[in-house]
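Scroll down for the structure; my scribbles are underneath it.
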Number of protein chains: 2
Amino acid sequence: MIKPRTPPGVMELLPRDQVAFQRMLDTIRQSFERFGFLPVETPVMELSEVLLTKSGGETERQVYFVQSTGALEKGGEGLPELALRFDLTVPLARYVAEHEHELAFPFRRYQMQRVYRGERAQRGRFREFYQCDIDVIGKDALSPRFDAEIPAVIAAVFERLCIGEFTIQLNHRKLLRGYFEGVGIEGERQMLVLRELDKLDKRGEDAVRATLAGEGFGLAADAIDKLMAFSRVRSRGHEDALAKLAGLGAGTPLFEEGRDELRAILAQLKALGVGEARYALNLSIARGLDYYTGVVYETTLDAYPQIGSICSGGRYDNLASHYSKSKLPGVGISIGLTRLFYQLREAGLVGAADSSVDVLVALMDDAGLDAALAMSQRLRAAGLNVETQLEPRKLAKQLQYADKAGIRFVAMRGGDEAARGVVAVKDLRRGQQFEVADNQLADALLQARELREGALA
Amino acid sequence: MIKPRTPPGVMELLPRDQVAFQRMLDTIRQSFERFGFLPVETPVMELSEVLLTKSGGETERQVYFVQSTGALEKGGEGLPELALRFDLTVPLARYVAEHEHELAFPFRRYQMQRVYRGERAQRGRFREFYQCDIDVIGKDALSPRFDAEIPAVIAAVFERLCIGEFTIQLNHRKLLRGYFEGVGIEGERQMLVLRELDKLDKRGEDAVRATLAGEGFGLAADAIDKLMAFSRVRSRGHEDALAKLAGLGAGTPLFEEGRDELRAILAQLKALGVGEARYALNLSIARGLDYYTGVVYETTLDAYPQIGSICSGGRYDNLASHYSKSKLPGVGISIGLTRLFYQLREAGLVGAADSSVDVLVALMDDAGLDAALAMSQRLRAAGLNVETQLEPRKLAKQLQYADKAGIRFVAMRGGDEAARGVVAVKDLRRGQQFEVADNQLADALLQARELREGALA
């Protein structure tokens, strides 16, 4: 006998939690599709040579390699031929480059699949987790207008997920770099200073000031003041965001370019009807220092800032330089759904949903089987998810089972009900029982389900 | 520059094919849920020790092992700690045994995920492929009534997939083994004889007869006649199935048990309203000689018998003997969707669906941007999937793009239309253009989508 267990670092759910997780996946997917994003799935295994184009680096240390039994026995030098994807961005780059001539650009794609990283085993850290990504990829160029569509999608997703108020925080790498230029920090030093500013929350202002003034950086107090002031900028509401941008004063051409793009994004968010409480400037956001080149996004739950960003991304200049000579600029975001679900569940905000089964058709005795089966099929044809009790049991046991399984309704039709052309329905959530005419049962149950879905949407 | 490419033996789809594939997945899932099956997902990686409980065997030769970079560098004796699942049955056994005390039995679960096998690379053979499984697991016992629910689910799935007429073929291991007993073939010899009978199509009747009469088996001509006659039994329609069962004459107690169960299944299929053209006896079906113990199913497309079984399964006595002392009998089926999709596409029955995008909102000039964004959001709020053209281009280019992407409708609202409060809509499928009042646009497009979905359902 072998002890049944999963490897460390994976999240496996019981059915009622899985239903809740599946509803989140469905909601996210539907929101992505509403904005015209197209589905892509890629294989979980990529050729190592293709996946690991940059040698070394943190990511490669976390890669899982795959070997067939045959390859394992043969052994051999070098890396195994196959590896598991560690994100959805590298596979997207490979996909777009591979199918460049068959895709219509700008190419809006969504991808919701699991990725793999050999993280240190730790509570809340996962080695297998879902990423839900959208990206828009242009050929040669991509209008900055796409930068505003992305936060509109994020807003739609999190409004429909109903997990509380949230804020999409915006910054812009051109604004940031332009501002740094303006205080005399250029080139590689920008990154080093950014990295220090990123530690403001952790180390506190005094410590960061000391570092920036110290030997390595040697910044003047005046420059440090400016940097601190810049990275403290937060806006609240649409007009305030515009005012905060105006309040930054004149800057270098790069700075002005970034400011203009941010203004255009704000205007477009308004035209898209995105509520002004949903977005704000946060000029401390740096993200992916090497990767992003324009707008950057982070999203936080207002009531749970400690969860950190639940949806991040930004604009990049070239997606697939390793695979294609074409210039493929893009903008996108990613939701790490496994981690988010885990944290929402810890916070008591999701989990153990109602069953996906709408109704259990009870069975009183063997003579009632055919009628129970026929009733079940009628309800299914109407669009309901129905479980049929196939062996008669005590009614109390059937109700107990439905309750444990999270099934809200139990439909019972004994001899008495059959004679009167009605069905007795127990509503386990309300603890009520009512009767409904045979031919109105489906409508009554559908209505109850729509009410629930309405509450979720 | 590295050539972007996928490993051999995987199926990666372009967006329009992916939409078609996704619709099949959705239809299958919805049908599974209609019958009260609950979602389960398991990690793609299992502990090798847990996954590979049987040593040796064909399956183990095909297993992919997984190693983190660290484990790879360390090397070490024995098998790597992790392996990729090669089916969804072993993970189900592990899942049910692991969560036995938290699950409600009978436990109906569906699982639609990818599995991995190191198959020889070959056209139409996949190393990564979707399986869509349902199983019902009982604790200690499971009523034979569940055996009839499974083909009702299969019928619902394939009716809704609209890929042509199909037949669910039924046999029963007890009937088979009882019949073999009746002609004096017992124990292990039953398997050996079955294996020969299984070759009837390939080798022809004479060759199989010669083998069965030959030294290894030494069966009498009379016994061989009976075996041949039995395995040639096919029914057509409900009454014929009952007649064919009656026509087999009296048999051993095991035979009679199998016949009674088959009769009960047939009666229940009728009560469930499953069309009698959907199921038939086929007493040549053997399947998983060691594994199945009761009813067995295979499903074939009437017009494409060469595709073979597209959905197979049956009843088994004990799911998880390696992981649990509990007896966990079950019944289930599996659809190998990747292979099925591949073959349907080869046969021209699926592929390159309409886009998931319902409508492209065209943009005539920059001045129209805000109006185009607002219109897009109104259509989204009504439940439509909308792509907005964000940069003005020549209208011909926008129509060309929509056509290439498989988007059926393009909504255009120039100054003239705006002045009259209408939108011009181009229906690319019909090659027609019509006008509709602003406030009726969403309804008109929703209606068109419902017509399409109605055609699919």
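Letters for chains follow the order of the structure tokens (A, B, ...), residue numbers begin at 1 for each chain, and ligand numbers begin at 1 in the order shown.
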- Message: Need to verify the contact set: region 312-319 of chain B, 6 Å, only C-alpha atoms, exclusion of same-chain residues closer than 4 positions in sequence. Can you return it as a list in words?
- Response: Ala93, Tyr292, Thr293, Gly294, Val295, Val296, Tyr297, Glu298, Lys327, Leu328, Pro329, Gly330, Val331, Gly332, Ile333 and Ser334 of chain B
- Message: Which residues are close to region 252-267 of chain B, i.e. within 8 Å by only C-alpha atoms, leaving aside same-chain residues fewer than 3 positions away? Reply as a PyMOL selection string.
- Response: chain B and resi 144-145+147-148+171-179+181-182+238+242+245+270-271+294-295
Write a file of the just-selected residues containing N, CA, C and O atoms, as a compact mmCIF listing (two decimals), in the first residue's frame.
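Saved the output as again_20.txt:
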```txt
# COMPACT_ATOMS: atom_id res chain seq x y z
N PRO B 144 -25.57 -1.09 -10.18
CA PRO B 144 -25.41 -1.23 -11.64
C PRO B 144 -26.21 -0.17 -12.40
O PRO B 144 -26.00 0.00 -13.59
N ARG B 145 -27.08 0.54 -11.71
CA ARG B 145 -27.86 1.58 -12.40
C ARG B 145 -26.96 2.69 -12.94
O ARG B 145 -27.33 3.38 -13.88
N ASP B 147 -24.34 2.16 -14.48
CA ASP B 147 -23.84 1.69 -15.78
C ASP B 147 -24.67 2.22 -16.94
O ASP B 147 -24.18 2.30 -18.07
N ALA B 148 -25.94 2.55 -16.68
CA ALA B 148 -26.80 3.06 -17.75
C ALA B 148 -26.71 4.57 -17.87
O ALA B 148 -27.01 5.14 -18.92
N ASN B 171 -21.03 -4.19 -24.44
CA ASN B 171 -20.81 -5.61 -24.17
C ASN B 171 -20.69 -5.73 -22.65
O ASN B 171 -20.73 -4.72 -21.94
N HIS B 172 -20.55 -6.95 -22.17
CA HIS B 172 -20.50 -7.15 -20.73
C HIS B 172 -19.53 -8.28 -20.43
O HIS B 172 -19.62 -9.36 -20.99
N ARG B 173 -18.59 -7.98 -19.55
CA ARG B 173 -17.55 -8.97 -19.25
C ARG B 173 -18.13 -10.22 -18.60
O ARG B 173 -17.60 -11.32 -18.79
N LYS B 174 -19.20 -10.08 -17.83
CA LYS B 174 -19.79 -11.27 -17.21
C LYS B 174 -20.47 -12.15 -18.24
O LYS B 174 -20.37 -13.38 -18.19
N LEU B 175 -21.13 -11.50 -19.19
CA LEU B 175 -21.75 -12.24 -20.29
C LEU B 175 -20.68 -13.01 -21.07
O LEU B 175 -20.81 -14.20 -21.37
N LEU B 176 -19.61 -12.29 -21.33
CA LEU B 176 -18.49 -12.84 -22.11
C LEU B 176 -17.86 -14.01 -21.37
O LEU B 176 -17.72 -15.12 -21.92
N ARG B 177 -17.49 -13.76 -20.12
CA ARG B 177 -16.80 -14.81 -19.35
C ARG B 177 -17.74 -15.99 -19.09
O ARG B 177 -17.34 -17.15 -19.15
N GLY B 178 -19.04 -15.68 -18.83
CA GLY B 178 -20.02 -16.74 -18.62
C GLY B 178 -20.18 -17.60 -19.88
O GLY B 178 -20.26 -18.83 -19.79
N TYR B 179 -20.18 -16.93 -21.01
CA TYR B 179 -20.33 -17.67 -22.26
C TYR B 179 -19.11 -18.56 -22.50
O TYR B 179 -19.24 -19.73 -22.91
N GLU B 181 -17.12 -19.82 -20.21
CA GLU B 181 -17.29 -20.94 -19.27
C GLU B 181 -18.17 -22.02 -19.90
O GLU B 181 -17.87 -23.21 -19.82
N GLY B 182 -19.28 -21.55 -20.50
CA GLY B 182 -20.26 -22.46 -21.08
C GLY B 182 -19.68 -23.35 -22.17
O GLY B 182 -20.16 -24.47 -22.36
N HIS B 238 -33.76 -1.11 -30.15
CA HIS B 238 -33.98 -1.58 -28.79
C HIS B 238 -34.51 -3.02 -28.75
O HIS B 238 -33.96 -3.89 -28.06
N LEU B 242 -32.84 -6.72 -27.25
CA LEU B 242 -33.45 -7.67 -26.32
C LEU B 242 -33.57 -9.05 -26.96
O LEU B 242 -33.30 -10.08 -26.32
N LEU B 245 -30.22 -10.80 -27.11
CA LEU B 245 -29.85 -11.33 -25.79
C LEU B 245 -30.61 -12.62 -25.50
O LEU B 245 -30.03 -13.61 -25.03
N LYS B 270 -33.83 3.46 -22.12
CA LYS B 270 -35.13 3.83 -22.68
C LYS B 270 -35.83 4.84 -21.77
O LYS B 270 -36.35 5.86 -22.25
N ALA B 271 -35.81 4.58 -20.47
CA ALA B 271 -36.45 5.50 -19.52
C ALA B 271 -35.79 6.88 -19.56
O ALA B 271 -36.43 7.89 -19.32
N GLY B 294 -17.40 -5.51 -15.68
CA GLY B 294 -18.83 -5.53 -15.99
C GLY B 294 -19.07 -5.03 -17.39
O GLY B 294 -18.41 -5.45 -18.34
N VAL B 295 -19.98 -4.07 -17.51
CA VAL B 295 -20.29 -3.52 -18.83
C VAL B 295 -19.04 -2.84 -19.41
O VAL B 295 -18.20 -2.31 -18.66
```
- Item | Residues within 10 Å of Gln377 (chain A), only C-alpha atoms, excluding chain neighbours under 6 positions, as a ChimeraX atom specification | /A:371,383-386,388 /B:34-35,152,271-274
Could you take the residues named above and write them with C-alpha atoms, as a PDB file, in the first residue's frame?
```pdb
ATOM      1  CA  ALA A 371     -40.324   8.715 -13.428  1.00  0.00           C
ATOM      2  CA  GLY A 383     -30.499  23.645 -19.040  1.00  0.00           C
ATOM      3  CA  LEU A 384     -30.223  22.508 -15.427  1.00  0.00           C
ATOM      4  CA  ASN A 385     -27.469  20.408 -13.899  1.00  0.00           C
ATOM      5  CA  VAL A 386     -29.182  17.420 -12.348  1.00  0.00           C
ATOM      6  CA  THR A 388     -30.449  11.594  -9.987  1.00  0.00           C
TER       7      THR A 388
ATOM      8  CA  ARG B  34     -25.837  18.392 -16.769  1.00  0.00           C
ATOM      9  CA  PHE B  35     -25.592  14.891 -15.345  1.00  0.00           C
ATOM     10  CA  ALA B 152     -26.787   8.568 -21.516  1.00  0.00           C
ATOM     11  CA  ALA B 271     -36.450   5.498 -19.515  1.00  0.00           C
ATOM     12  CA  LEU B 272     -33.785   8.181 -19.940  1.00  0.00           C
ATOM     13  CA  GLY B 273     -35.097   8.857 -23.424  1.00  0.00           C
ATOM     14  CA  VAL B 274     -31.851   7.916 -25.189  1.00  0.00           C
TER      15      VAL B 274
END
```
- CA of Gly351 (chain B) to CA of Asp17 (chain B), distance in Å rounded to a single decimal: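 Atom-to-atom, CA of Gly351 (chain B) to CA of Asp17 (chain B), that is 5.0 Å.
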- Record the distance separating CA of Gly308 (chain B) and CA of Ser235 (chain B), expressed in Å with one decimal. 18.4 Å
- Message: Can you tell me which residues surround Phe86 (chain B) at a distance of at most 6 Å, considering only C-alpha atoms, apart from same-chain residues fewer than 4 positions away, and format the answer as a PyMOL selection string?
- Response: chain B and resi 115-117
- Item | Counting only C-alpha atoms, the residue of A:Ser356, A:Gln169, A:Gln432, A:Gln131 that sits nearest chain B | A:Ser356
- Message: Restricting the calculation to only C-alpha atoms: of A:Gly9, A:Arg378, A:Phe32, A:Phe434, which residue gets closest to Gln122 (chain A)?
- Response: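 Closest residue, counting only C-alpha atoms: A:Gly9.
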- Item | Backbone-only DSSP, strand (DSSP E or B) members of region 30-150 of chain A, as a PyMOL selection string | chain A and resi 38-39+45-47+64-68+82-84+107-116+128-137
- Message: I'd like the contact shell of region 27-29 of chain A - 12 Å cut-off, only C-alpha atoms, skipping same-chain residues fewer than 6 positions apart - returned as number ranges by chain.
- Response: A: 20-21, 35-40, 109-113, 131-134, 153-162, 311, 334-337, 453, 456-457; B: 22, 356, 385
DSSP alpha helix (DSSP H) residues within region 336-386 of chain B, listed as a PDB file with N, CA, C and O atoms, in the first residue's frame:
```
ATOM      1  N   LEU B 337      -9.674  13.749 -26.578  1.00  0.00           N
ATOM      2  CA  LEU B 337     -10.168  14.838 -27.426  1.00  0.00           C
ATOM      3  C   LEU B 337      -9.149  15.331 -28.446  1.00  0.00           C
ATOM      4  O   LEU B 337      -9.522  15.705 -29.553  1.00  0.00           O
ATOM      5  N   THR B 338      -7.873  15.324 -28.075  1.00  0.00           N
ATOM      6  CA  THR B 338      -6.868  15.824 -29.019  1.00  0.00           C
ATOM      7  C   THR B 338      -6.855  14.962 -30.289  1.00  0.00           C
ATOM      8  O   THR B 338      -6.903  15.474 -31.409  1.00  0.00           O
ATOM      9  N   ARG B 339      -6.808  13.652 -30.081  1.00  0.00           N
ATOM     10  CA  ARG B 339      -6.813  12.740 -31.227  1.00  0.00           C
ATOM     11  C   ARG B 339      -8.115  12.863 -32.010  1.00  0.00           C
ATOM     12  O   ARG B 339      -8.116  12.893 -33.243  1.00  0.00           O
ATOM     13  N   LEU B 340      -9.258  12.958 -31.297  1.00  0.00           N
ATOM     14  CA  LEU B 340     -10.552  13.087 -31.967  1.00  0.00           C
ATOM     15  C   LEU B 340     -10.607  14.362 -32.811  1.00  0.00           C
ATOM     16  O   LEU B 340     -11.031  14.343 -33.973  1.00  0.00           O
ATOM     17  N   PHE B 341     -10.155  15.465 -32.219  1.00  0.00           N
ATOM     18  CA  PHE B 341     -10.162  16.743 -32.942  1.00  0.00           C
ATOM     19  C   PHE B 341      -9.298  16.643 -34.195  1.00  0.00           C
ATOM     20  O   PHE B 341      -9.687  17.083 -35.275  1.00  0.00           O
ATOM     21  N   TYR B 342      -8.129  16.040 -34.013  1.00  0.00           N
ATOM     22  CA  TYR B 342      -7.211  15.877 -35.143  1.00  0.00           C
ATOM     23  C   TYR B 342      -7.893  15.109 -36.279  1.00  0.00           C
ATOM     24  O   TYR B 342      -7.841  15.507 -37.450  1.00  0.00           O
ATOM     25  N   GLN B 343      -8.578  14.026 -35.917  1.00  0.00           N
ATOM     26  CA  GLN B 343      -9.181  13.197 -36.957  1.00  0.00           C
ATOM     27  C   GLN B 343     -10.410  13.852 -37.579  1.00  0.00           C
ATOM     28  O   GLN B 343     -10.643  13.727 -38.780  1.00  0.00           O
ATOM     29  N   LEU B 344     -11.184  14.550 -36.743  1.00  0.00           N
ATOM     30  CA  LEU B 344     -12.338  15.270 -37.290  1.00  0.00           C
ATOM     31  C   LEU B 344     -11.885  16.367 -38.245  1.00  0.00           C
ATOM     32  O   LEU B 344     -12.527  16.643 -39.258  1.00  0.00           O
ATOM     33  N   ARG B 345     -10.755  16.981 -37.901  1.00  0.00           N
ATOM     34  CA  ARG B 345     -10.241  18.035 -38.770  1.00  0.00           C
ATOM     35  C   ARG B 345      -9.733  17.454 -40.082  1.00  0.00           C
ATOM     36  O   ARG B 345      -9.974  18.011 -41.155  1.00  0.00           O
ATOM     37  N   GLU B 346      -9.058  16.309 -39.991  1.00  0.00           N
ATOM     38  CA  GLU B 346      -8.600  15.631 -41.209  1.00  0.00           C
ATOM     39  C   GLU B 346      -9.794  15.288 -42.108  1.00  0.00           C
ATOM     40  O   GLU B 346      -9.711  15.344 -43.326  1.00  0.00           O
ATOM     41  N   LEU B 369     -13.169  58.191 -32.122  1.00  0.00           N
ATOM     42  CA  LEU B 369     -12.664  57.205 -31.169  1.00  0.00           C
ATOM     43  C   LEU B 369     -13.552  57.055 -29.934  1.00  0.00           C
ATOM     44  O   LEU B 369     -13.944  55.950 -29.577  1.00  0.00           O
ATOM     45  N   ASP B 370     -13.867  58.187 -29.293  1.00  0.00           N
ATOM     46  CA  ASP B 370     -14.658  58.086 -28.067  1.00  0.00           C
ATOM     47  C   ASP B 370     -15.996  57.401 -28.305  1.00  0.00           C
ATOM     48  O   ASP B 370     -16.443  56.576 -27.507  1.00  0.00           O
ATOM     49  N   ALA B 371     -16.642  57.757 -29.429  1.00  0.00           N
ATOM     50  CA  ALA B 371     -17.932  57.135 -29.748  1.00  0.00           C
ATOM     51  C   ALA B 371     -17.772  55.637 -29.996  1.00  0.00           C
ATOM     52  O   ALA B 371     -18.611  54.825 -29.574  1.00  0.00           O
ATOM     53  N   ALA B 372     -16.682  55.255 -30.668  1.00  0.00           N
ATOM     54  CA  ALA B 372     -16.444  53.829 -30.939  1.00  0.00           C
ATOM     55  C   ALA B 372     -16.206  53.078 -29.631  1.00  0.00           C
ATOM     56  O   ALA B 372     -16.692  51.948 -29.441  1.00  0.00           O
ATOM     57  N   LEU B 373     -15.446  53.694 -28.720  1.00  0.00           N
ATOM     58  CA  LEU B 373     -15.195  53.047 -27.430  1.00  0.00           C
ATOM     59  C   LEU B 373     -16.493  52.898 -26.639  1.00  0.00           C
ATOM     60  O   LEU B 373     -16.756  51.843 -26.054  1.00  0.00           O
ATOM     61  N   ALA B 374     -17.310  53.939 -26.647  1.00  0.00           N
ATOM     62  CA  ALA B 374     -18.562  53.891 -25.891  1.00  0.00           C
ATOM     63  C   ALA B 374     -19.497  52.836 -26.477  1.00  0.00           C
ATOM     64  O   ALA B 374     -20.128  52.065 -25.743  1.00  0.00           O
ATOM     65  N   MET B 375     -19.581  52.792 -27.823  1.00  0.00           N
ATOM     66  CA  MET B 375     -20.422  51.769 -28.453  1.00  0.00           C
ATOM     67  C   MET B 375     -19.927  50.366 -28.088  1.00  0.00           C
ATOM     68  O   MET B 375     -20.709  49.467 -27.761  1.00  0.00           O
ATOM     69  N   SER B 376     -18.615  50.175 -28.113  1.00  0.00           N
ATOM     70  CA  SER B 376     -18.042  48.870 -27.778  1.00  0.00           C
ATOM     71  C   SER B 376     -18.446  48.458 -26.367  1.00  0.00           C
ATOM     72  O   SER B 376     -18.818  47.301 -26.126  1.00  0.00           O
ATOM     73  N   GLN B 377     -18.359  49.401 -25.440  1.00  0.00           N
ATOM     74  CA  GLN B 377     -18.692  49.061 -24.055  1.00  0.00           C
ATOM     75  C   GLN B 377     -20.171  48.733 -23.894  1.00  0.00           C
ATOM     76  O   GLN B 377     -20.522  47.844 -23.119  1.00  0.00           O
ATOM     77  N   ARG B 378     -21.039  49.442 -24.623  1.00  0.00           N
ATOM     78  CA  ARG B 378     -22.470  49.115 -24.549  1.00  0.00           C
ATOM     79  C   ARG B 378     -22.723  47.697 -25.055  1.00  0.00           C
ATOM     80  O   ARG B 378     -23.491  46.945 -24.467  1.00  0.00           O
ATOM     81  N   LEU B 379     -22.053  47.342 -26.144  1.00  0.00           N
ATOM     82  CA  LEU B 379     -22.248  45.998 -26.704  1.00  0.00           C
ATOM     83  C   LEU B 379     -21.706  44.937 -25.735  1.00  0.00           C
ATOM     84  O   LEU B 379     -22.290  43.873 -25.565  1.00  0.00           O
ATOM     85  N   ARG B 380     -20.570  45.236 -25.110  1.00  0.00           N
ATOM     86  CA  ARG B 380     -20.014  44.286 -24.124  1.00  0.00           C
ATOM     87  C   ARG B 380     -20.966  44.099 -22.968  1.00  0.00           C
ATOM     88  O   ARG B 380     -21.178  42.972 -22.498  1.00  0.00           O
ATOM     89  N   ALA B 381     -21.530  45.211 -22.483  1.00  0.00           N
ATOM     90  CA  ALA B 381     -22.445  45.125 -21.345  1.00  0.00           C
ATOM     91  C   ALA B 381     -23.648  44.256 -21.692  1.00  0.00           C
ATOM     92  O   ALA B 381     -24.238  43.613 -20.825  1.00  0.00           O
TER      93      ALA B 381
END
```
